[in-house]
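Here's work_28.txt, which has compact mmCIF, C-alpha atoms and all ligand atoms:
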```
# COMPACT_ATOMS: atom_id res chain seq x y z
CA MET A 1 -146.63 -77.89 -186.29
CA THR A 2 -144.73 -75.83 -183.72
CA ASN A 3 -144.11 -77.14 -180.23
CA PHE A 4 -146.59 -74.58 -178.95
CA GLU A 5 -149.35 -75.72 -181.32
CA SER A 6 -148.75 -79.30 -180.34
CA ALA A 7 -148.86 -78.35 -176.65
CA LYS A 8 -152.10 -76.50 -177.22
CA GLN A 9 -153.64 -79.63 -178.72
CA LYS A 10 -152.52 -81.78 -175.81
CA TYR A 11 -153.97 -79.34 -173.32
CA ALA A 12 -157.19 -79.13 -175.34
CA ALA A 13 -157.48 -82.91 -175.16
CA ALA A 14 -157.28 -82.55 -171.36
CA GLY A 15 -160.04 -79.95 -171.50
CA VAL A 16 -157.79 -76.90 -171.03
CA ASP A 17 -158.00 -73.76 -173.17
CA VAL A 18 -154.42 -72.50 -173.51
CA GLU A 19 -155.33 -69.17 -175.11
CA GLU A 20 -157.69 -68.36 -172.27
CA ALA A 21 -154.95 -69.22 -169.77
CA LEU A 22 -152.44 -66.97 -171.54
CA ALA A 23 -154.88 -64.07 -171.66
CA LYS A 24 -155.58 -64.37 -167.93
CA LEU A 25 -151.88 -64.58 -167.11
CA ALA A 26 -151.08 -61.47 -169.14
CA GLY A 27 -153.81 -59.54 -167.32
CA LYS A 28 -152.65 -60.33 -163.79
CA ALA A 29 -150.23 -57.86 -162.22
CA ILE A 30 -147.48 -59.02 -159.89
CA SER A 31 -146.31 -56.55 -157.29
CA ILE A 32 -142.52 -56.72 -157.22
CA HIS A 33 -140.84 -55.56 -154.04
CA CYS A 34 -138.14 -52.94 -154.50
CA TRP A 35 -136.21 -54.24 -151.47
CA GLN A 36 -134.58 -57.26 -153.15
CA GLY A 37 -132.27 -54.74 -154.85
CA ASP A 38 -130.58 -53.41 -151.71
CA ASP A 39 -131.16 -56.00 -148.97
CA VAL A 40 -134.00 -53.93 -147.43
CA ALA A 41 -131.59 -51.10 -146.61
CA GLY A 42 -133.68 -48.15 -147.81
CA PHE A 43 -132.39 -44.60 -148.29
CA ASP A 44 -133.44 -42.77 -145.14
CA GLN A 45 -131.01 -44.09 -142.51
CA LYS A 46 -127.26 -43.65 -142.43
CA ASP A 47 -125.75 -47.02 -143.41
CA GLY A 48 -129.29 -48.44 -143.59
CA LYS A 49 -129.50 -52.12 -142.77
CA ALA A 50 -132.47 -54.45 -142.20
CA GLY A 51 -133.09 -54.88 -138.49
CA ASP A 52 -135.78 -55.04 -135.79
CA GLY A 53 -137.36 -58.41 -136.36
CA ILE A 54 -136.05 -59.02 -139.88
CA GLN A 55 -132.63 -59.77 -141.26
CA THR A 56 -130.90 -60.30 -144.59
CA THR A 57 -128.04 -62.72 -144.93
CA GLY A 58 -125.30 -62.78 -147.53
CA ASN A 59 -122.74 -60.36 -148.84
CA TYR A 60 -122.89 -60.62 -152.63
CA PRO A 61 -121.23 -57.60 -154.19
CA GLY A 62 -123.06 -54.93 -156.20
CA LYS A 63 -126.15 -53.99 -154.21
CA ALA A 64 -127.92 -50.76 -155.13
CA ARG A 65 -126.75 -47.89 -152.93
CA ASN A 66 -129.12 -45.13 -153.92
CA PHE A 67 -132.27 -44.23 -155.86
CA GLU A 68 -130.54 -44.08 -159.26
CA GLU A 69 -128.91 -47.49 -158.84
CA LEU A 70 -132.05 -49.13 -157.51
CA LYS A 71 -134.11 -47.78 -160.41
CA THR A 72 -131.59 -48.98 -162.98
CA ASP A 73 -131.38 -52.42 -161.39
CA PHE A 74 -135.14 -52.74 -161.12
CA LEU A 75 -135.55 -51.83 -164.79
CA LYS A 76 -132.92 -54.38 -165.77
CA ALA A 77 -134.87 -57.07 -163.94
CA ALA A 78 -138.22 -55.80 -165.29
CA SER A 79 -136.91 -55.98 -168.85
CA LEU A 80 -136.59 -59.75 -168.37
CA LEU A 81 -140.07 -60.20 -166.91
CA PRO A 82 -143.26 -60.75 -168.87
CA GLY A 83 -146.66 -59.43 -167.85
CA LYS A 84 -148.05 -56.53 -165.84
CA LYS A 85 -145.82 -55.23 -163.09
CA ARG A 86 -146.19 -53.07 -160.00
CA ILE A 87 -143.35 -51.85 -157.83
CA ASN A 88 -143.80 -52.32 -154.10
CA LEU A 89 -142.15 -49.50 -152.15
CA HIS A 90 -141.34 -49.04 -148.50
CA ALA A 91 -141.48 -45.62 -146.84
CA SER A 92 -137.75 -45.96 -146.14
CA TYR A 93 -137.18 -45.49 -149.89
CA ALA A 94 -138.16 -41.81 -149.70
CA VAL A 95 -136.20 -39.68 -152.13
CA PHE A 96 -134.95 -36.48 -150.49
CA ALA A 97 -133.79 -33.36 -152.25
CA GLU A 98 -130.11 -32.46 -151.89
CA GLY A 99 -129.43 -31.67 -148.20
CA GLU A 100 -133.00 -32.47 -147.12
CA TRP A 101 -134.03 -35.12 -144.58
CA VAL A 102 -137.14 -35.68 -142.49
CA ASP A 103 -137.91 -38.47 -140.08
CA ARG A 104 -140.53 -41.07 -140.93
CA ASP A 105 -143.36 -39.40 -139.04
CA LYS A 106 -142.95 -36.32 -141.28
CA LEU A 107 -142.77 -38.00 -144.68
CA GLU A 108 -144.88 -36.51 -147.45
CA TYR A 109 -146.03 -37.35 -150.93
CA LYS A 110 -143.35 -35.10 -152.42
CA HIS A 111 -140.69 -37.56 -151.24
CA PHE A 112 -142.20 -40.17 -153.54
CA ILE A 113 -142.86 -38.06 -156.63
CA PRO A 114 -139.65 -39.35 -158.25
CA TRP A 115 -140.98 -42.91 -157.81
CA VAL A 116 -144.34 -41.93 -159.31
CA GLU A 117 -142.54 -40.45 -162.30
CA PHE A 118 -140.51 -43.64 -162.63
CA ALA A 119 -143.71 -45.70 -162.49
CA LYS A 120 -145.40 -43.56 -165.12
CA GLU A 121 -142.42 -43.69 -167.46
CA ASN A 122 -142.30 -47.47 -167.25
CA GLY A 123 -145.96 -48.42 -167.09
CA LEU A 124 -145.76 -49.73 -163.52
CA GLY A 125 -148.32 -49.66 -160.72
CA ILE A 126 -147.17 -48.85 -157.18
CA ASP A 127 -147.87 -50.41 -153.78
CA PHE A 128 -146.72 -48.99 -150.47
CA ASN A 129 -145.65 -49.89 -146.92
CA PRO A 130 -144.90 -47.88 -143.80
CA THR A 131 -141.45 -48.94 -142.55
CA CYS A 132 -141.81 -49.78 -138.86
CA PHE A 133 -138.36 -51.39 -138.49
CA SER A 134 -134.69 -50.57 -139.09
CA HIS A 135 -135.09 -47.35 -137.13
CA PRO A 136 -133.95 -46.11 -133.68
CA MET A 137 -137.54 -45.40 -132.61
CA VAL A 138 -138.27 -49.15 -132.54
CA THR A 139 -138.01 -49.34 -128.76
CA ASP A 140 -137.66 -52.56 -126.77
CA GLY A 141 -138.80 -54.40 -129.92
CA LEU A 142 -142.05 -52.43 -130.00
CA THR A 143 -143.66 -49.76 -132.20
CA LEU A 144 -147.45 -49.30 -132.32
CA SER A 145 -147.95 -51.38 -129.17
CA HIS A 146 -145.30 -49.73 -126.97
CA PRO A 147 -146.53 -48.68 -123.51
CA ASP A 148 -144.89 -45.25 -123.93
CA GLU A 149 -147.26 -42.88 -125.69
CA LYS A 150 -144.30 -41.02 -127.32
CA VAL A 151 -143.12 -44.16 -129.09
CA ARG A 152 -146.62 -45.08 -130.19
CA ARG A 153 -147.24 -41.51 -131.41
CA PHE A 154 -144.16 -41.57 -133.66
CA TRP A 155 -145.22 -44.81 -135.32
CA ILE A 156 -148.91 -43.89 -135.57
CA ASP A 157 -147.90 -40.65 -137.26
CA HIS A 158 -145.61 -42.58 -139.59
CA CYS A 159 -148.38 -45.00 -140.55
CA LYS A 160 -150.80 -42.12 -141.13
CA ALA A 161 -148.22 -40.32 -143.27
CA SER A 162 -147.68 -43.51 -145.30
CA ARG A 163 -151.37 -43.92 -145.87
CA ARG A 164 -151.67 -40.34 -147.11
CA ILE A 165 -148.74 -40.89 -149.45
CA ALA A 166 -150.35 -44.10 -150.77
CA GLN A 167 -153.59 -42.17 -151.30
CA LYS A 168 -151.83 -39.47 -153.32
CA ILE A 169 -149.97 -42.07 -155.38
CA GLY A 170 -153.31 -43.73 -156.11
CA GLU A 171 -154.84 -40.42 -157.18
CA GLU A 172 -151.86 -39.62 -159.35
CA LEU A 173 -151.85 -43.04 -161.07
CA ASN A 174 -155.65 -43.33 -161.05
CA ASP A 175 -155.30 -46.65 -159.27
CA GLN A 176 -155.83 -48.49 -156.00
CA VAL A 177 -152.65 -48.72 -153.94
CA LEU A 178 -152.09 -51.41 -151.35
CA ASN A 179 -150.74 -49.98 -148.10
CA ASN A 180 -149.44 -52.79 -145.91
CA VAL A 181 -148.74 -52.34 -142.20
CA TRP A 182 -146.23 -54.81 -140.83
CA ILE A 183 -144.74 -54.19 -137.40
CA PRO A 184 -142.17 -56.37 -135.64
CA ASP A 185 -143.69 -55.92 -132.16
CA GLY A 186 -143.10 -58.85 -129.88
CA PHE A 187 -141.13 -60.29 -126.99
CA LYS A 188 -137.98 -62.35 -126.89
CA ASP A 189 -138.97 -64.09 -123.71
CA ILE A 190 -142.20 -65.15 -122.06
CA PRO A 191 -144.37 -62.04 -121.73
CA ALA A 192 -146.13 -61.08 -118.52
CA ASP A 193 -148.91 -59.31 -120.41
CA ARG A 194 -150.16 -60.31 -123.82
CA MET A 195 -153.44 -58.48 -124.00
CA GLY A 196 -152.11 -55.03 -123.01
CA PRO A 197 -149.88 -54.67 -126.09
CA ARG A 198 -152.66 -56.03 -128.30
CA MET A 199 -155.20 -53.52 -126.96
CA ARG A 200 -152.70 -50.72 -127.60
CA LEU A 201 -152.14 -51.99 -131.14
CA LYS A 202 -155.89 -52.15 -131.73
CA ALA A 203 -156.32 -48.53 -130.62
CA ALA A 204 -153.36 -47.44 -132.78
CA LEU A 205 -154.83 -49.15 -135.86
CA ASP A 206 -158.20 -47.48 -135.26
CA GLU A 207 -156.46 -44.13 -135.34
CA ILE A 208 -154.36 -44.99 -138.39
CA PHE A 209 -157.37 -46.12 -140.45
CA ALA A 210 -159.70 -43.29 -139.36
CA GLU A 211 -159.09 -41.00 -142.31
CA PRO A 212 -160.96 -42.00 -145.49
CA CYS A 213 -158.49 -42.91 -148.25
CA PRO A 214 -160.55 -44.14 -151.20
CA ASN A 215 -157.53 -45.02 -153.37
CA VAL A 216 -155.92 -47.14 -150.66
CA ILE A 217 -156.42 -50.84 -149.97
CA ASP A 218 -155.48 -51.15 -146.30
CA CYS A 219 -153.89 -54.27 -144.96
CA VAL A 220 -152.13 -55.60 -141.90
CA GLU A 221 -149.57 -58.42 -142.04
CA SER A 222 -149.49 -60.97 -139.27
CA LYS A 223 -146.55 -63.09 -138.23
CA VAL A 224 -145.81 -65.97 -135.93
CA PHE A 225 -142.43 -64.78 -134.65
CA GLY A 226 -139.53 -62.51 -135.52
CA ILE A 227 -135.78 -62.68 -135.00
CA GLY A 228 -135.05 -61.77 -131.38
CA LEU A 229 -138.78 -61.76 -130.66
CA GLU A 230 -139.38 -65.47 -130.51
CA SER A 231 -141.81 -65.83 -127.61
CA MET A 232 -144.74 -63.70 -128.69
CA THR A 233 -145.88 -61.56 -131.62
CA VAL A 234 -148.42 -58.82 -130.89
CA GLY A 235 -149.81 -58.77 -134.47
CA SER A 236 -150.64 -62.46 -134.62
CA ASN A 237 -152.86 -64.10 -137.23
CA GLU A 238 -155.92 -64.28 -134.96
CA PHE A 239 -155.47 -60.67 -133.90
CA TYR A 240 -155.34 -59.28 -137.42
CA THR A 241 -157.91 -61.64 -138.93
CA ALA A 242 -160.39 -60.59 -136.26
CA TYR A 243 -159.43 -56.94 -136.69
CA ALA A 244 -159.94 -57.13 -140.45
CA ALA A 245 -163.25 -58.98 -140.04
CA GLN A 246 -164.55 -56.15 -137.87
CA HIS A 247 -163.18 -53.33 -140.04
CA PRO A 248 -164.51 -53.42 -143.61
CA GLY A 249 -161.84 -52.21 -146.01
CA VAL A 250 -158.96 -53.57 -143.91
CA TYR A 251 -157.49 -56.90 -145.00
CA ASN A 252 -155.19 -59.45 -143.45
CA LEU A 253 -152.15 -59.98 -145.67
CA LEU A 254 -150.93 -63.58 -145.77
CA ASP A 255 -147.15 -63.99 -145.98
CA ALA A 256 -146.11 -67.54 -146.90
CA GLY A 257 -143.31 -67.44 -144.31
CA HIS A 258 -145.37 -66.26 -141.37
CA TYR A 259 -146.92 -69.48 -140.09
CA HIS A 260 -145.87 -72.65 -138.39
CA PRO A 261 -143.99 -74.90 -140.83
CA THR A 262 -146.89 -77.33 -141.29
CA GLU A 263 -149.36 -74.55 -142.11
CA PHE A 264 -149.71 -73.30 -145.67
CA ILE A 265 -151.23 -70.12 -147.01
CA SER A 266 -152.57 -72.08 -150.00
CA ASP A 267 -155.11 -73.47 -147.54
CA LYS A 268 -155.77 -70.08 -145.94
CA ILE A 269 -156.57 -68.28 -149.23
CA PRO A 270 -159.91 -70.08 -149.86
CA ALA A 271 -160.78 -69.77 -146.16
CA MET A 272 -160.29 -66.00 -146.29
CA LEU A 273 -162.13 -65.71 -149.62
CA CYS A 274 -165.29 -67.01 -147.90
CA PHE A 275 -165.34 -63.75 -145.92
CA PHE A 276 -163.21 -61.11 -147.67
CA ASP A 277 -163.42 -59.60 -151.15
CA LYS A 278 -159.65 -59.14 -151.20
CA VAL A 279 -156.76 -61.27 -150.01
CA PRO A 280 -153.31 -59.68 -150.28
CA LEU A 281 -150.30 -62.01 -150.32
CA HIS A 282 -146.58 -61.99 -149.78
CA VAL A 283 -145.32 -64.87 -151.84
CA THR A 284 -141.96 -65.94 -150.48
CA ARG A 285 -140.07 -69.14 -149.68
CA PRO A 286 -139.48 -69.94 -146.04
CA VAL A 287 -136.68 -72.44 -145.47
CA ARG A 288 -137.10 -73.81 -141.92
CA TRP A 289 -138.12 -70.32 -140.77
CA ASP A 290 -139.25 -67.01 -142.28
CA SER A 291 -136.05 -66.89 -144.29
CA ASP A 292 -137.41 -65.06 -147.36
CA HIS A 293 -135.53 -67.17 -149.90
CA VAL A 294 -136.16 -66.48 -153.59
CA VAL A 295 -139.49 -67.89 -154.79
CA LEU A 296 -139.17 -71.02 -156.90
CA PHE A 297 -141.51 -73.01 -159.13
CA ASP A 298 -142.14 -75.34 -156.21
CA ASP A 299 -145.09 -77.26 -154.79
CA GLU A 300 -146.39 -74.59 -152.42
CA THR A 301 -146.03 -71.73 -154.90
CA ARG A 302 -148.02 -73.77 -157.42
CA GLU A 303 -150.59 -74.66 -154.77
CA ILE A 304 -151.03 -70.97 -153.86
CA MET A 305 -151.63 -70.10 -157.51
CA LYS A 306 -153.94 -73.09 -157.99
CA GLU A 307 -156.16 -71.84 -155.19
CA ILE A 308 -156.30 -68.36 -156.70
CA VAL A 309 -157.34 -69.87 -160.05
CA ARG A 310 -159.74 -72.48 -158.68
CA CYS A 311 -161.48 -69.86 -156.54
CA ASP A 312 -161.80 -67.69 -159.64
CA ALA A 313 -160.13 -65.03 -157.55
CA LEU A 314 -157.58 -63.44 -159.89
CA ASP A 315 -159.20 -60.07 -159.27
CA LYS A 316 -159.45 -60.61 -155.50
CA VAL A 317 -156.06 -61.98 -154.55
CA LEU A 318 -153.30 -59.38 -154.76
CA ILE A 319 -150.02 -61.10 -155.50
CA GLY A 320 -147.01 -59.42 -153.95
CA LEU A 321 -143.53 -60.87 -153.62
CA ASP A 322 -141.38 -60.65 -150.50
CA PHE A 323 -137.93 -62.20 -150.64
CA PHE A 324 -134.47 -60.79 -150.12
CA ASP A 325 -131.44 -62.90 -150.75
CA ALA A 326 -128.15 -61.05 -150.36
CA SER A 327 -126.01 -64.09 -151.14
CA ILE A 328 -126.58 -64.18 -154.91
CA ASN A 329 -126.85 -61.76 -157.82
CA ARG A 330 -129.81 -59.59 -156.81
CA ILE A 331 -131.08 -58.99 -160.35
CA ALA A 332 -131.13 -62.74 -161.01
CA ALA A 333 -132.93 -63.20 -157.67
CA TRP A 334 -135.66 -60.78 -158.79
CA VAL A 335 -135.94 -62.44 -162.20
CA VAL A 336 -136.00 -66.04 -160.96
CA GLY A 337 -138.42 -65.23 -158.14
CA THR A 338 -140.86 -63.28 -160.28
CA ARG A 339 -140.74 -65.61 -163.27
CA SER A 340 -141.25 -68.57 -160.93
CA ALA A 341 -144.37 -66.96 -159.45
CA GLN A 342 -145.63 -66.28 -162.97
CA LYS A 343 -144.83 -69.81 -164.09
CA ALA A 344 -146.71 -71.18 -161.10
CA LEU A 345 -149.69 -69.02 -162.04
CA LEU A 346 -149.57 -70.23 -165.64
CA PHE A 347 -149.26 -73.80 -164.43
CA ALA A 348 -152.36 -73.29 -162.27
CA LEU A 349 -154.27 -71.81 -165.20
CA LEU A 350 -153.36 -74.86 -167.29
CA GLN A 351 -154.73 -77.47 -164.88
CA PRO A 352 -157.96 -79.30 -165.79
CA ASN A 353 -159.56 -77.59 -162.81
CA LYS A 354 -163.19 -78.21 -163.75
CA THR A 355 -162.62 -81.91 -164.30
CA LEU A 356 -160.71 -82.23 -161.04
CA LYS A 357 -163.41 -80.47 -159.05
CA ALA A 358 -166.11 -82.72 -160.53
CA LEU A 359 -164.04 -85.78 -159.65
CA GLN A 360 -163.69 -84.59 -156.06
CA ASP A 361 -167.41 -83.84 -155.77
CA SER A 362 -168.30 -87.30 -157.03
CA ALA A 363 -165.80 -88.84 -154.60
CA SER A 364 -163.79 -90.27 -157.53
CA PHE A 365 -160.60 -89.82 -155.59
CA THR A 366 -158.59 -92.43 -157.48
CA GLU A 367 -159.27 -90.80 -160.83
CA LYS A 368 -158.72 -87.35 -159.33
CA MET A 369 -155.23 -88.45 -158.28
CA VAL A 370 -154.48 -89.92 -161.71
CA VAL A 371 -155.62 -86.80 -163.60
CA MET A 372 -153.88 -84.45 -161.16
CA GLU A 373 -150.58 -86.31 -161.44
CA GLU A 374 -150.67 -86.63 -165.21
CA ALA A 375 -151.44 -82.93 -165.69
CA LYS A 376 -148.04 -82.22 -164.17
CA THR A 377 -146.20 -83.57 -167.20
CA LEU A 378 -148.23 -81.93 -169.96
CA PRO A 379 -145.94 -79.74 -172.14
CA PHE A 380 -146.03 -76.73 -169.84
CA GLY A 381 -142.61 -75.41 -170.92
CA ASP A 382 -143.75 -74.85 -174.49
CA VAL A 383 -146.63 -72.68 -173.34
CA TRP A 384 -144.34 -70.66 -171.04
CA GLU A 385 -141.91 -70.13 -173.90
CA GLU A 386 -144.72 -68.90 -176.15
CA TYR A 387 -145.85 -66.50 -173.40
CA CYS A 388 -142.34 -65.03 -173.14
CA ARG A 389 -142.20 -64.69 -176.92
CA ARG A 390 -145.52 -62.85 -177.05
CA GLU A 391 -144.43 -60.58 -174.20
CA ASN A 392 -141.13 -59.80 -175.94
CA VAL A 393 -138.95 -61.06 -173.14
CA PRO A 394 -136.27 -63.75 -173.34
CA ALA A 395 -137.24 -67.39 -172.88
CA ASP A 396 -135.67 -69.57 -170.19
CA GLY A 397 -132.06 -70.20 -171.06
CA GLU A 398 -131.78 -66.82 -172.79
CA TRP A 399 -131.74 -64.18 -170.06
CA PHE A 400 -129.02 -65.11 -167.61
CA ALA A 401 -126.17 -64.13 -169.91
CA ASP A 402 -127.68 -60.65 -170.00
CA VAL A 403 -127.65 -60.48 -166.19
CA GLN A 404 -124.06 -61.70 -166.13
CA LYS A 405 -123.09 -58.96 -168.54
CA TYR A 406 -124.86 -56.38 -166.38
CA GLU A 407 -122.99 -57.69 -163.37
CA GLN A 408 -119.72 -57.26 -165.21
CA ASP A 409 -120.49 -53.83 -166.68
CA VAL A 410 -122.45 -52.24 -163.83
CA LEU A 411 -122.67 -54.15 -160.53
CA SER A 412 -119.03 -55.13 -160.20
CA ARG A 413 -118.00 -51.47 -160.49
CA ARG A 414 -119.85 -50.58 -157.30
CA VAL A 415 -117.20 -50.69 -154.62
C1 LIG B 1 -141.44 -59.24 -142.34
C2 LIG B 1 -142.55 -59.10 -143.31
C3 LIG B 1 -142.50 -57.84 -144.14
C4 LIG B 1 -141.13 -57.49 -144.68
C5 LIG B 1 -141.13 -56.40 -145.72
C6 LIG B 1 -139.79 -55.84 -145.96
O1 LIG B 1 -141.43 -60.46 -141.73
O2 LIG B 1 -142.62 -60.21 -144.14
O3 LIG B 1 -143.42 -57.94 -145.16
O4 LIG B 1 -140.50 -58.60 -145.22
O5 LIG B 1 -142.06 -55.46 -145.43
ZN ZN B 2 -144.00 -60.09 -145.78
```

Just dump the structure as structure tokens.
Ligand code: RNT
Ligand code: ZN
Amino acid sequence: MTNFESAKQKYAAAGVDVEEALAKLAGKAISIHCWQGDDVAGFDQKDGKAGDGIQTTGNYPGKARNFEELKTDFLKAASLLPGKKRINLHASYAVFAEGEWVDRDKLEYKHFIPWVEFAKENGLGIDFNPTCFSHPMVTDGLTLSHPDEKVRRFWIDHCKASRRIAQKIGEELNDQVLNNVWIPDGFKDIPADRMGPRMRLKAALDEIFAEPCPNVIDCVESKVFGIGLESMTVGSNEFYTAYAAQHPGVYNLLDAGHYHPTEFISDKIPAMLCFFDKVPLHVTRPVRWDSDHVVLFDDETREIMKEIVRCDALDKVLIGLDFFDASINRIAAWVVGTRSAQKALLFALLQPNKTLKALQDSASFTEKMVVMEEAKTLPFGDVWEEYCRRENVPADGEWFADVQKYEQDVLSRRV
């Protein structure tokens, strides 16, 4: 008997159907952010660098410097990842023709055709984001909520342009494309007016979402604070949750790093699912703050995935990744982060969820604890290895040498 067959039997004895779990895992797409490859630099600004409320740290050599390099790096990472994949793009990754440049309020679908071709060639879905940061028009830390109509207009037009681009991408790929609005807007020090900026943001969002875009899933991403904007965030969780609740078709995206350190999005997912038919996520790893460390196979990532599985919400929760570590090999960061999210999802699918729920409902809390703890040490690794084998990607222990070789042959030559 192979290790996998033996694992299958052990899981069956615990009431878990391994084949069903593997089928569900293979069917669930993960949206992989393009921005791990170049430290959120993008292509549209001279010497592009993450700024305005977000920051990357680290100086590992070999980051992608242009469209060609980013595509090649992404494909290298994707070749080591099982399952269905989407690529999550930011508007700042527009691809301009030789000598061409337009500002973000003038972006068009044509600037993303090369990405659509890339997606088609490689069987990827696409998700999209307006880029309301790392740009000189972010004024006094504000975009859509700025008191100056000129500043607001620029960013409203940018968000509208992004939505139209997402719509066209969706039409072209015959798919639904998530378009996620995150803005840094906030104040470093104690504000004198909190409601004014929020009312301006509300009006801006109304304008942005006015045009029907049937292939777009609209969402807004809240945050507790940003770098340099510690005292107040305009797009707070209450603000966007209430906005989404009043605007059918707009969703509040939960980023795992955007809450106070004792709050967890694993608890928020089932709360949101009571009211919304979709819950988009940014799975990331906050270390003491919204640090966007590489996702690991850790307690909270498993808990997030467990909630998705327990709520039977694989088709409702949209899993996107959002980390950017510039201090390590960026391809390995992508691979570890994505595989860890997928492992956590598999782990969740392999829990005796029905049994555990029944034990909770009958107040058998002692037994619930025993079963929950013991399920942790079932032979999970053998099932993961079988999944990688079926998906034709290397098992754990077999892919890193490939990344090291790529570093030597490709990344280290970028100087
Ligand atoms: C910032 C948000 C946002 C960005 C990306 C690049 O705090 O998490 O999602 O990380 O859009
Ligand atoms: Zn995020």

- Point-to-point distance from CA of Phe239 in chain A to CA of Pro147 in chain A, Å rounded to tenths: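 A separation of 18.2 Å between them.
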
- Expressed in Å to a single decimal, how great is the separation between CA of Arg330 in chain A and CA of Lys46 in chain A?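 A separation of 21.6 Å between them.
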
- Near-ligand residues for ligand LIG 1 (chain B), threshold 6 Å, only C-alpha atoms and all ligand atoms, as a ChimeraX atom specification: /A:54,182,322

- Do a neighbour search on range 114-129 of chain A at 9 Å with all atoms listed in the file, toss out local chain neighbours closer than 3 positions, and write the hits as a PyMOL selection string. chain A and resi 29+31-33+71+75+84-92+94-95+110-111+132+159+162-163+165-166+169-170+172-173+175-182

- Message: For ligand ZN 2 (chain B), return the neighbouring residues as a VMD selection string (distance at most 7 Å; all atoms listed in the file).
- Response: chain A and resid 221 255 282 322

- Message: Env of range 13-18 of chain A: 12 Å cut, atoms = all atoms listed in the file, seq-sep filter 4 positions within chain, self excluded. Answer as a ChimeraX atom specification.
- Response: /A:4-9,22-25,346-356,371-372,374-380,382-384,386-387

- Query: Pick from A:Ala210, A:Met137, A:Ala271, A:Met305: nearest to Lys343 in chain A, with only C-alpha atoms counted?
  - Reply: A:Met305

- Message: Between CA of Ile319 in chain A and CA of Pro280 in chain A, what is the distance in Å, rounded to a tenth?
- Response: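 Between CA of Ile319 in chain A and CA of Pro280 in chain A the gap is 6.3 Å.
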
- Item | Using all atoms listed in the file: which of A:Ala97, A:Ala313, A:Ile190, A:Ala333 has the shortest distance to Val295 in chain A |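 That would be A:Ala333, the residue with the smallest distance to Val295 in chain A.
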
- Message: List the spatial neighbours of Asp315 in chain A as a list in words - criterion: any atom at most 9 Å away, all atoms listed in the file, same-chain residues fewer than 3 positions off excluded.
- Response: Lys28, Lys278, Asp312 and Leu318 of chain A

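Each of A:Ala326, A:Leu321, A:Ala344, A:Ile265 was compared to Asn237 in chain A using all atoms listed in the file, and A:Ile265 turns out to be the nearest.
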
What box, with edges along x, y and z, holds each listed atom of range 163-174 of chain A when 3 Å is added on every side, and can you state its centre and edge lengths in Å to one decimal, as AutoDock Vina command-line options?
```
--center_x -152.2 --center_y -41.8 --center_z -153.5 --size_x 12.9 --size_y 10.6 --size_z 21.2
```

- Among the residues A:Pro261, A:Ser340, A:Ala363, A:Gly62, the one that comes closest to Gln408 in chain A [using only C-alpha atoms]: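 With only C-alpha atoms as the atom set, the closest residue is A:Gly62.
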
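Using all atoms listed in the file, the shortest contact distance between Ala245 in chain A and any of A:Ile217, A:Val224, A:Met232, A:Met272 is found at A:Met272.
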
- Judged by all atoms listed in the file, the minimum distance to Phe187 in chain A among A:Pro212, A:Asp52, A:Gly99, A:Leu253 is found for A:Asp52

- Neighbour list for Trp155 in chain A as a PyMOL selection string, cut-off 9 Å, all atoms listed in the file, skip fewer than 6 positions in-chain: chain A and resi 104-105+132+137-138+143-144+204
